[in-house]
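Read the structure below first, then the notes.
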There are 4 protein chains.
Amino acid sequence: MSYSIAIIGASGYTGAELIRLIATHPSFEIKALAANSKAGQSMAKVFPHLRHLDLPDLVTWEQIDYDQIDLCFCALPHKTSQEVISQLPKSVKIVDLSADFRLRDPAEYEKWYGNPHSAVEMQKEAVYGLTEFYREQIRSARLVAGTGCNAATGQFILRPLIAAGVIDLDEIILDLQCGVSGAGRSLKENLLHAELSEGTNAYAVGGTHRHLGEFDQEFSALAGREVKIQFTPHLGPFNRGILATTYVKGDPQAIHAQLVSAYAAEPFVEVLPFGETPSTHHVRGSNFCHLGVTGDRIEGRAIVVGALDNLCKGSSGQAVQNANLMLGEEETAGLMLAPCFP
Amino acid sequence: MSYSIAIIGASGYTGAELIRLIATHPSFEIKALAANSKAGQSMAKVFPHLRHLDLPDLVTWEQIDYDQIDLCFCALPHKTSQEVISQLPKSVKIVDLSADFRLRDPAEYEKWYGNPHSAVEMQKEAVYGLTEFYREQIRSARLVAGTGCNAATGQFILRPLIAAGVIDLDEIILDLQCGVSGAGRSLKENLLHAELSEGTNAYAVGGTHRHLGEFDQEFSALAGREVKIQFTPHLGPFNRGILATTYVKGDPQAIHAQLVSAYAAEPFVEVLPFGETPSTHHVRGSNFCHLGVTGDRIEGRAIVVGALDNLCKGSSGQAVQNANLMLGEEETAGLMLAPCFP
Amino acid sequence: MSYSIAIIGASGYTGAELIRLIATHPSFEIKALAANSKAGQSMAKVFPHLRHLDLPDLVTWEQIDYDQIDLCFCALPHKTSQEVISQLPKSVKIVDLSADFRLRDPAEYEKWYGNPHSAVEMQKEAVYGLTEFYREQIRSARLVAGTGCNAATGQFILRPLIAAGVIDLDEIILDLQCGVSGAGRSLKENLLHAELSEGTNAYAVGGTHRHLGEFDQEFSALAGREVKIQFTPHLGPFNRGILATTYVKGDPQAIHAQLVSAYAAEPFVEVLPFGETPSTHHVRGSNFCHLGVTGDRIEGRAIVVGALDNLCKGSSGQAVQNANLMLGEEETAGLMLAPCFP
Amino acid sequence: MSYSIAIIGASGYTGAELIRLIATHPSFEIKALAANSKAGQSMAKVFPHLRHLDLPDLVTWEQIDYDQIDLCFCALPHKTSQEVISQLPKSVKIVDLSADFRLRDPAEYEKWYGNPHSAVEMQKEAVYGLTEFYREQIRSARLVAGTGCNAATGQFILRPLIAAGVIDLDEIILDLQCGVSGAGRSLKENLLHAELSEGTNAYAVGGTHRHLGEFDQEFSALAGREVKIQFTPHLGPFNRGILATTYVKGDPQAIHAQLVSAYAAEPFVEVLPFGETPSTHHVRGSNFCHLGVTGDRIEGRAIVVGALDNLCKGSSGQAVQNANLMLGEEETAGLMLAPCFP
């Protein structure tokens, strides 16, 4: 059985990553690619690395014949995404990669993103797309909201620990480095090679990064009380990868045991032996997430480090994983690519 | 049908790349992995990016039960390779990734590699592994000698032009940049990040690079006369990729036409429209080779640029492609991975 | 004695490099910094690496009181540069870093840059700024036209060889890799870290790069006949540095001897022992140019490799060197900074 | 007045950085360079970027005539350093860049470095080399022990806060990224470009990094009680730079005020306006340290970020700064080089 796929927002990095993954997917077939600003162009021009594929030229999203489409990936900027998705026919399943349907509370959305939500009804319908924790809802969902890439990483580390009550909920620090592609293909001075290579810096310091909205929502729901973490992202001079170093209070062995047990059956989340730490190099280009736990020299404190590829497991890989569930496919279909090292 | 595969020399980069490719190959199954210096270790320790795979631990090559093996990849250093391969049972098909069986003339081998060849009889038996040009011999070969990564790139550019007689054979200059992984996983000062990043340099200048042995052999055979090219490799601050910029004398349009026609039916070689130039970014992690032709402002001269991934199309991807032919599989099996960009 | 310096175009990379060099110059004092698009901003905001310096805020170039200025560096885009410079008072000495006054023939300027020259009279007055070859004219010049960074590199390699008649003038190939900062601080997709790191590509292939105008002018003048070289630039994933690999026909030892003799007394040009090749790593952040000569295996052919820092010796360092001469200072003042390695 | 300088351990990165700085120092003259493993070689061979300098060839440290030397920099590995320094004549002033004389308690030294200290008497004599806090002792010291590069960064951030009592001493987390050159020029697999570029990882997780010995000693002395911080270093894909992101509990404005006041008169430490954060890009190649303070969204918590160049301010720049004091020179002599950006 084969499914007809459309991608709206195909000229950005998450769009390209979706195509890369679908290129070897056994049952997904790309029927339409949209990018309004580049409509009419061939994908070989927009992304020459995809030139070997027989892909449709870019169109506007309005030009797609949605009757032919089983599932549509939306890889648009937030705000644009809700405007477009609210106009798509209800017959089409949607995996949204933007931030627009991640936050269930419209007030929270407006607080973090600055604009009122214009598709509040659909927001209610959306299922949060962190596959490993919303698997059953995703299977039957029509609209799935992909998580933020940083938010995914932090949740792989912290959800089992918060759920099990093995860490102090008031003392969680998430220090994170994200590769450049996390900022997208936008023309900003700080994303130029000359500005960004050969160094690093923190940004959105002090609790201002938008992915905190997701952390707040998810962790508080899990704990049954308000949980606010500290979170500092850094921009690193590499293209793909998120490394999250998390400082928690609790028994390190219990923390490790909890993660081992939580992910024992998961195909994409690997918990390293106690005391080992992961590296982004070893997940690059793949849908895997590696987690490692170490005890601190100060008793009762642990460091949990997580690594994943922001474009793949943190975004487009997760999206394909969700699409697999929504269409009744094998969850791992198209996603078992080994990391590309070196 | 499934084939049992062994890899000797599995702790280097080409070994890891073979495993990455075979991980999603439909009919190859890895039965044994050898690396004598690291025998006893798990692959998860040697290459943590492969930890999700269910791989056998490393053994010595002597410990492998070759009765169980259909085909063996040898990813050993030259000289060691001929010593090992000459001791393997004749029942096993072999794809050698080293330089040991590329040169048909033992004197040429000794000239370029500095040691007398110790398996001269097998050297005669070996088929040169540039798939697109030795396809039929490879199908029935027992021992295939993978080409050098630079040698492959240069030949994709030049073979059709030399064969067709559309360029001046005495005026060929091949200027090439190769990524770091081409130098392998060896501990050398000039391969340290601190020495190599943020700059570039030429090496083996003046016609001393060993891959010239292959160029001389192949181009002279093609032309029916001695052909000696000029070749300068550079070491670039990137991990994967070869970009070859070739200066030739001949009619640019005729040159382009020749390449288009030579590769029209090839699944892995893409000739860009006249005047466009390829980039290593767009073949990274894939088995594709992109070629572009431009005319110079000086009449009768052309620049032909080629790009491929040295570890994949230039080495392990080519090896899998050859193994597919030797085992009667689809030539493209396991090799249609899209490039990993960005 | 102290000289009052202004920089117009201080918000780009060559502007920043001028300030870096002048920061430890014994007799230059920065009195005014202009960048019309960022007028009113502090340099600490535009270039935080300069925050320790006591610098004037940015103004528009019209706001500068030129009566107070001894010498003005113009680091503007071409076309804008000629418009601004033609309005500056004649009392101010000017070092222009743009392309506007490099070509003596207005028709050549229009051919390479696409717009008619609007300050033809000043064009005649301008002295070409390749210090080592125009030293005496520069000393007494009012307007010096800094060379292109690629053009400088190629000329350091080729001028002594053309002048001495030791190479074939019809068979010169200059293959060159340039670091990213050579493209300036402009917001272009191909300059993003995600697009440019981890790979390389050629551009302006086939004799279309504008610096060919300089090569044609200078080499033809030197030779007393038309000389047209082939020139292919590549964009490399590093911030600073140009490596030029030049293929010439002639006796390698004679070529080496010629370079050794030409640069024996030069403080900034180092000719390596015969057979050694330079690296951009070893000139990064400095005003030095390293040259190396090797003979090819084909008799009568040589490879000459040159390395310099495009922002420093290729642009702002050369500009300071020229300013030193114009103001009667020691030529090396402020320029003896050792390269920054690693 | 001019001082005669020797460098023992001149073939490593901190040795090269010392030479780079001394190259433009107004009163230091290099009289001897030692590196026992490379004795007899020229510096142009060991570090081609220094070839323009008129430097003595490498000798063994035993061959140096110490009567001619005013001050000796020791850039040797720990353990070797104490063995060599204990044999040098007492007439020579010494700045040691190794870890051997940083810890005043021999038991602490043995605990962190694994070997008993073999020069315990000299250890007592040594002054801790963090210039900004030990200035007066350094002026009159004969032996100064340069700090660890991470230890320096952490102390610039935390010393004024601990001394002033404005942060909770039991809740200090120092999360740090260090560039590759911090690991020296040693041949280790994880320092290869292919292994390290394009990603990041934590190491020495859980309180095992040796620089904790310095933190424990200094912070406990300052506070008059035991202070143990949490410290996680990461290895980043850049050559120079340390970025330390520090999580503390206390009033953010008070913390900022404390840093502003502590460093008001310091030439090399810049405290950014409240809410701004530094970047390693902006201190690369310089002796400057930038500090920034931001309040967290959780009241009573602050994030303090510090950036410096590990090879310069974190090691060789600090060493020259100390040597200036020990020899009665201007403290900033040779050290006002502007950062090298981009």
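Each chain in the structure tokens gets a letter, A, B and so on, in the order shown; residues start at 1 in every chain, and ligands are counted from 1 in the order they appear.
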
Review point. With all C-alpha atoms paired in order, what RMSD does the least-squares fit of chain C onto chain B leave?
Key: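 Between these identical-sequence chains, the C-alpha RMSD is 0.0 Å.
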
Practice item. Define the interface residues of chain A facing chain D as those within 8 Å, counting only C-alpha atoms, and report them as a PyMOL selection string. Key: chain A and resi 175+179+194-203+205-208+228+230+236-241+243+245+277-281+294-298+302-303+305+342

Could the residues in this selection be written to a file with N, CA and C atoms, as a compact mmCIF listing (two decimals), in the first residue's frame?
# COMPACT_ATOMS: atom_id res chain seq x y z
N ASP A 175 20.90 22.88 30.21
CA ASP A 175 21.86 23.67 29.46
C ASP A 175 22.07 22.97 28.12
N GLY A 179 22.79 22.99 17.04
CA GLY A 179 23.45 23.26 15.77
C GLY A 179 22.70 24.32 14.99
N ALA A 194 30.99 33.20 8.62
CA ALA A 194 32.07 34.02 9.18
C ALA A 194 31.76 34.47 10.61
N GLU A 195 30.50 34.56 10.96
CA GLU A 195 30.13 35.03 12.30
C GLU A 195 30.03 33.87 13.28
N LEU A 196 29.69 32.71 12.78
CA LEU A 196 29.27 31.63 13.66
C LEU A 196 30.31 30.54 13.82
N SER A 197 31.08 30.28 12.81
CA SER A 197 32.08 29.21 12.94
C SER A 197 33.13 29.63 13.95
N GLU A 198 33.85 28.66 14.45
CA GLU A 198 34.99 28.92 15.32
C GLU A 198 34.65 29.63 16.64
N GLY A 199 33.44 29.37 17.16
CA GLY A 199 33.12 29.95 18.46
C GLY A 199 31.71 29.59 18.86
N THR A 200 31.29 30.06 20.00
CA THR A 200 29.95 29.73 20.49
C THR A 200 29.45 30.84 21.39
N ASN A 201 28.13 30.87 21.56
CA ASN A 201 27.53 31.86 22.46
C ASN A 201 26.18 31.37 22.95
N ALA A 202 25.76 31.85 24.10
CA ALA A 202 24.42 31.57 24.60
C ALA A 202 23.45 32.57 23.98
N TYR A 203 22.18 32.20 23.95
CA TYR A 203 21.17 33.17 23.50
C TYR A 203 19.87 32.88 24.25
N VAL A 205 18.86 33.87 26.96
CA VAL A 205 19.26 33.53 28.33
C VAL A 205 18.21 34.04 29.33
N GLY A 206 18.02 33.29 30.38
CA GLY A 206 17.18 33.78 31.46
C GLY A 206 15.72 33.34 31.41
N GLY A 207 15.44 32.37 30.55
CA GLY A 207 14.07 31.88 30.53
C GLY A 207 13.19 32.55 29.52
N THR A 208 13.76 32.93 28.39
CA THR A 208 12.96 33.62 27.38
C THR A 208 12.77 32.80 26.11
N LYS A 228 8.70 24.64 36.70
CA LYS A 228 9.42 25.61 35.84
C LYS A 228 10.91 25.26 35.87
N GLN A 230 14.96 25.83 34.46
CA GLN A 230 15.85 26.83 33.87
C GLN A 230 16.41 26.26 32.58
N GLY A 236 25.90 26.46 18.52
CA GLY A 236 27.22 25.85 18.31
C GLY A 236 27.61 25.86 16.85
N PRO A 237 28.91 25.84 16.55
CA PRO A 237 29.36 25.89 15.16
C PRO A 237 29.34 24.52 14.48
N PHE A 238 28.14 23.94 14.42
CA PHE A 238 27.95 22.69 13.70
C PHE A 238 26.54 22.73 13.13
N ASN A 239 26.29 21.97 12.08
CA ASN A 239 25.03 22.12 11.37
C ASN A 239 23.87 21.35 12.01
N ARG A 240 24.16 20.15 12.48
CA ARG A 240 23.10 19.30 13.01
C ARG A 240 23.48 18.85 14.41
N GLY A 241 22.50 18.77 15.28
CA GLY A 241 22.74 18.19 16.58
C GLY A 241 22.31 19.08 17.73
N LEU A 243 22.86 18.91 21.96
CA LEU A 243 23.38 18.25 23.15
C LEU A 243 22.80 18.98 24.35
N THR A 245 22.69 19.13 28.44
CA THR A 245 23.30 18.70 29.69
C THR A 245 22.40 19.19 30.82
N THR A 277 28.60 9.11 28.45
CA THR A 277 27.90 10.29 27.96
C THR A 277 27.85 10.29 26.44
N PRO A 278 26.73 10.72 25.90
CA PRO A 278 26.55 10.69 24.45
C PRO A 278 27.20 11.89 23.78
N SER A 279 27.19 11.87 22.48
CA SER A 279 27.77 12.92 21.66
C SER A 279 26.87 13.15 20.46
N THR A 280 26.76 14.39 20.03
CA THR A 280 25.94 14.63 18.83
C THR A 280 26.54 14.00 17.58
N HIS A 281 27.86 13.80 17.59
CA HIS A 281 28.49 13.19 16.41
C HIS A 281 27.86 11.83 16.09
N THR A 294 25.20 10.36 34.75
CA THR A 294 26.38 10.29 35.58
C THR A 294 26.04 10.90 36.94
N GLY A 295 26.60 10.33 38.00
CA GLY A 295 26.43 10.94 39.32
C GLY A 295 27.45 12.04 39.51
N ASP A 296 27.06 13.10 40.19
CA ASP A 296 28.02 14.16 40.50
C ASP A 296 28.82 13.77 41.73
N ARG A 297 29.96 14.46 41.95
CA ARG A 297 30.73 14.22 43.17
C ARG A 297 29.97 14.68 44.40
N ILE A 298 29.02 15.59 44.21
CA ILE A 298 28.14 15.99 45.31
C ILE A 298 26.99 15.00 45.37
N ALA A 302 22.76 14.53 39.95
CA ALA A 302 23.10 13.77 38.74
C ALA A 302 23.14 14.70 37.54
N ILE A 303 23.91 14.29 36.55
CA ILE A 303 23.94 15.00 35.27
C ILE A 303 23.42 14.01 34.22
N VAL A 305 22.78 13.67 30.20
CA VAL A 305 23.10 14.29 28.92
C VAL A 305 22.32 13.56 27.81
N PRO A 342 32.10 9.62 9.94
CA PRO A 342 32.34 11.01 10.35
C PRO A 342 31.74 11.96 9.29

Exercise for review: Determine, counting only C-alpha atoms, which protein, DNA and RNA residues have an atom within 12 Å of an atom of Val92 of chain A; residues of the same chain fewer than 3 positions away are not included. Present the result as a list in words.
Suggested key: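 With the cut-off at 12 Å, the set is Tyr3, Ser4, Ile5, Ala6, Ile64, Asp65, Tyr66, Asp67, Gln68, Ile69, Asp70, Leu71, Cys72, Phe73, Cys74, Ile85, Ser86, Gln87, Leu88, Pro89, Val95, Ala141, Arg142, Leu143, Val144, Ala323, Met326 and Leu327 of chain A.
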
**Study point:** Shell around segment 38-47 of chain D at 6 Å using only C-alpha atoms, local window under 6 positions removed, as a list of chain:residue names
**Key:**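 What passes the distance filter is D:Asp57, D:Leu58, D:Val59, D:Thr60.
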
How about saving the chosen residues, C-alpha atoms kept, as a compact mmCIF listing (two decimals), in the first residue's frame?
# COMPACT_ATOMS: atom_id res chain seq x y z
CA ASP D 57 66.44 26.65 16.98
CA LEU D 58 64.99 24.26 19.51
CA VAL D 59 67.39 22.84 22.10
CA THR D 60 66.91 20.61 25.13

Point to revise | Contact residues around Arg225 of chain B with only C-alpha atoms at 12 Å, ignoring same-chain residues under 3 positions, as a PyMOL selection string | key: chain B and resi 162-163+169-170+216-222+228

Check your understanding: Pick the closest to Ile30 of chain D from D:Ser286, D:Ser2, D:Ser118, D:Gln253: which is it, counting only C-alpha atoms?
Key -> D:Ser2

Residue neighbourhood Ser186 of chain A, 12 Å, only C-alpha atoms, exclusion window fewer than 4 positions, as an mmCIF file with N, CA and C atoms, in the first residue's frame:
data_model
loop_
_atom_site.group_PDB
_atom_site.id
_atom_site.type_symbol
_atom_site.label_atom_id
_atom_site.label_comp_id
_atom_site.auth_asym_id
_atom_site.auth_seq_id
_atom_site.Cartn_x
_atom_site.Cartn_y
_atom_site.Cartn_z
ATOM 1 N N SER A 11 10.898 24.408 0.948
ATOM 2 C CA SER A 11 12.170 25.046 0.593
ATOM 3 C C SER A 11 13.054 25.334 1.807
ATOM 4 N N GLY A 12 12.612 24.908 2.977
ATOM 5 C CA GLY A 12 13.424 25.073 4.179
ATOM 6 C C GLY A 12 14.138 23.784 4.551
ATOM 7 N N TYR A 13 14.901 23.832 5.623
ATOM 8 C CA TYR A 13 15.705 22.668 5.974
ATOM 9 C C TYR A 13 14.859 21.487 6.469
ATOM 10 N N PRO A 77 6.713 28.561 8.821
ATOM 11 C CA PRO A 77 6.940 29.316 10.063
ATOM 12 C C PRO A 77 5.646 29.358 10.891
ATOM 13 N N VAL A 180 23.363 24.823 13.985
ATOM 14 C CA VAL A 180 22.916 25.976 13.234
ATOM 15 C C VAL A 180 21.615 25.744 12.487
ATOM 16 N N SER A 181 21.405 24.547 12.001
ATOM 17 C CA SER A 181 20.220 24.317 11.180
ATOM 18 C C SER A 181 18.945 24.507 11.992
ATOM 19 N N GLY A 182 19.076 24.459 13.315
ATOM 20 C CA GLY A 182 17.923 24.735 14.173
ATOM 21 C C GLY A 182 17.346 26.123 13.963
ATOM 22 N N ASN A 190 23.955 36.698 12.189
ATOM 23 C CA ASN A 190 24.616 35.790 13.138
ATOM 24 C C ASN A 190 24.652 34.342 12.647
ATOM 25 N N LEU A 191 23.987 34.056 11.525
ATOM 26 C CA LEU A 191 24.017 32.703 10.970
ATOM 27 C C LEU A 191 25.020 32.566 9.830
ATOM 28 N N LEU A 192 25.681 33.653 9.483
ATOM 29 C CA LEU A 192 26.722 33.585 8.458
ATOM 30 C C LEU A 192 27.880 32.733 8.961
ATOM 31 N N LEU C 187 24.214 39.301 3.464
ATOM 32 C CA LEU C 187 23.266 38.236 3.783
ATOM 33 C C LEU C 187 22.886 37.483 2.522
ATOM 34 N N LYS C 188 23.644 36.421 2.260
ATOM 35 C CA LYS C 188 23.347 35.589 1.088
ATOM 36 C C LYS C 188 23.222 34.153 1.555
ATOM 37 N N GLU C 189 22.309 33.445 0.934
ATOM 38 C CA GLU C 189 22.036 32.069 1.364
ATOM 39 C C GLU C 189 23.304 31.203 1.344
ATOM 40 N N ASN C 190 24.105 31.357 0.305
ATOM 41 C CA ASN C 190 25.279 30.481 0.195
ATOM 42 C C ASN C 190 26.371 30.818 1.206
ATOM 43 N N LEU C 191 26.215 31.899 1.936
ATOM 44 C CA LEU C 191 27.201 32.257 2.962
ATOM 45 C C LEU C 191 26.774 31.822 4.358
ATOM 46 N N LEU C 192 25.591 31.244 4.474
ATOM 47 C CA LEU C 192 25.146 30.734 5.779
ATOM 48 C C LEU C 192 26.039 29.570 6.209
ATOM 49 N N HIS C 193 26.244 29.453 7.501
ATOM 50 C CA HIS C 193 27.066 28.360 8.016
ATOM 51 C C HIS C 193 26.538 27.010 7.542
ATOM 52 N N ALA C 194 25.220 26.858 7.591
ATOM 53 C CA ALA C 194 24.636 25.561 7.246
ATOM 54 C C ALA C 194 24.845 25.198 5.780
ATOM 55 N N GLU C 195 25.006 26.194 4.927
ATOM 56 C CA GLU C 195 25.178 25.929 3.499
ATOM 57 C C GLU C 195 26.646 25.740 3.136
#

Counting only C-alpha atoms, what is within 12 Å of Phe133 of chain A, bar same-chain residues fewer than 3 positions away, as a PDB file with C-alpha atoms, in the first residue's frame?
ATOM      1  CA  VAL A 127      -2.214  16.036  19.503  1.00  0.00           C
ATOM      2  CA  TYR A 128       1.245  16.822  20.843  1.00  0.00           C
ATOM      3  CA  GLY A 129       3.695  14.992  18.639  1.00  0.00           C
ATOM      4  CA  LEU A 130       6.287  13.557  21.006  1.00  0.00           C
ATOM      5  CA  GLU A 136      -1.887   6.144  21.045  1.00  0.00           C
ATOM      6  CA  GLN A 137      -3.402   9.593  20.566  1.00  0.00           C
ATOM      7  CA  ILE A 138      -1.200  10.126  17.514  1.00  0.00           C
ATOM      8  CA  ARG A 139      -2.438   6.913  15.893  1.00  0.00           C
ATOM      9  CA  THR A 147       7.460  19.367  19.145  1.00  0.00           C
ATOM     10  CA  ALA A 152      11.953  17.149  22.418  1.00  0.00           C
ATOM     11  CA  GLN A 155      11.559  15.867  27.419  1.00  0.00           C
ATOM     12  CA  PHE A 156      13.374  12.675  26.468  1.00  0.00           C
ATOM     13  CA  ARG A 159       9.703  13.137  31.381  1.00  0.00           C
ATOM     14  CA  PRO A 160      10.421   9.717  32.894  1.00  0.00           C
ATOM     15  CA  ALA A 163       6.710  11.110  36.104  1.00  0.00           C
ATOM     16  CA  GLU A 218       4.192  19.151  29.593  1.00  0.00           C
ATOM     17  CA  LEU A 222       3.039  15.284  34.241  1.00  0.00           C
ATOM     18  CA  ALA A 262      11.178   3.928  30.302  1.00  0.00           C
ATOM     19  CA  TYR A 263      12.957   3.357  26.991  1.00  0.00           C
ATOM     20  CA  GLU A 266      11.775   2.107  22.253  1.00  0.00           C
ATOM     21  CA  ASN A 322       4.113  10.281  13.601  1.00  0.00           C
TER      22      ASN A 322
END

Study note, to complete from the structure: Between C:Ile7, C:Leu18, C:His211, C:Gln63, smallest distance to Leu103 of chain C by only C-alpha atoms belongs to C:His211

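The space separating atom CA of Lys90 of chain A from atom CA of Ala126 of chain A comes to 12.7 Å.
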
Check your understanding: What is the distance, in Å and to one decimal place, between atom CA of Leu55 of chain C and atom CA of Ser91 of chain C?
Key -> 23.8 Å

Exercise for review: Please measure the separation of atom CA of Leu161 of chain D and atom CA of Leu212 of chain A, giving the value in Å to one decimal.
Suggested key: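 Atom CA of Leu212 of chain A lies at a distance of 28.1 Å from atom CA of Leu161 of chain D.
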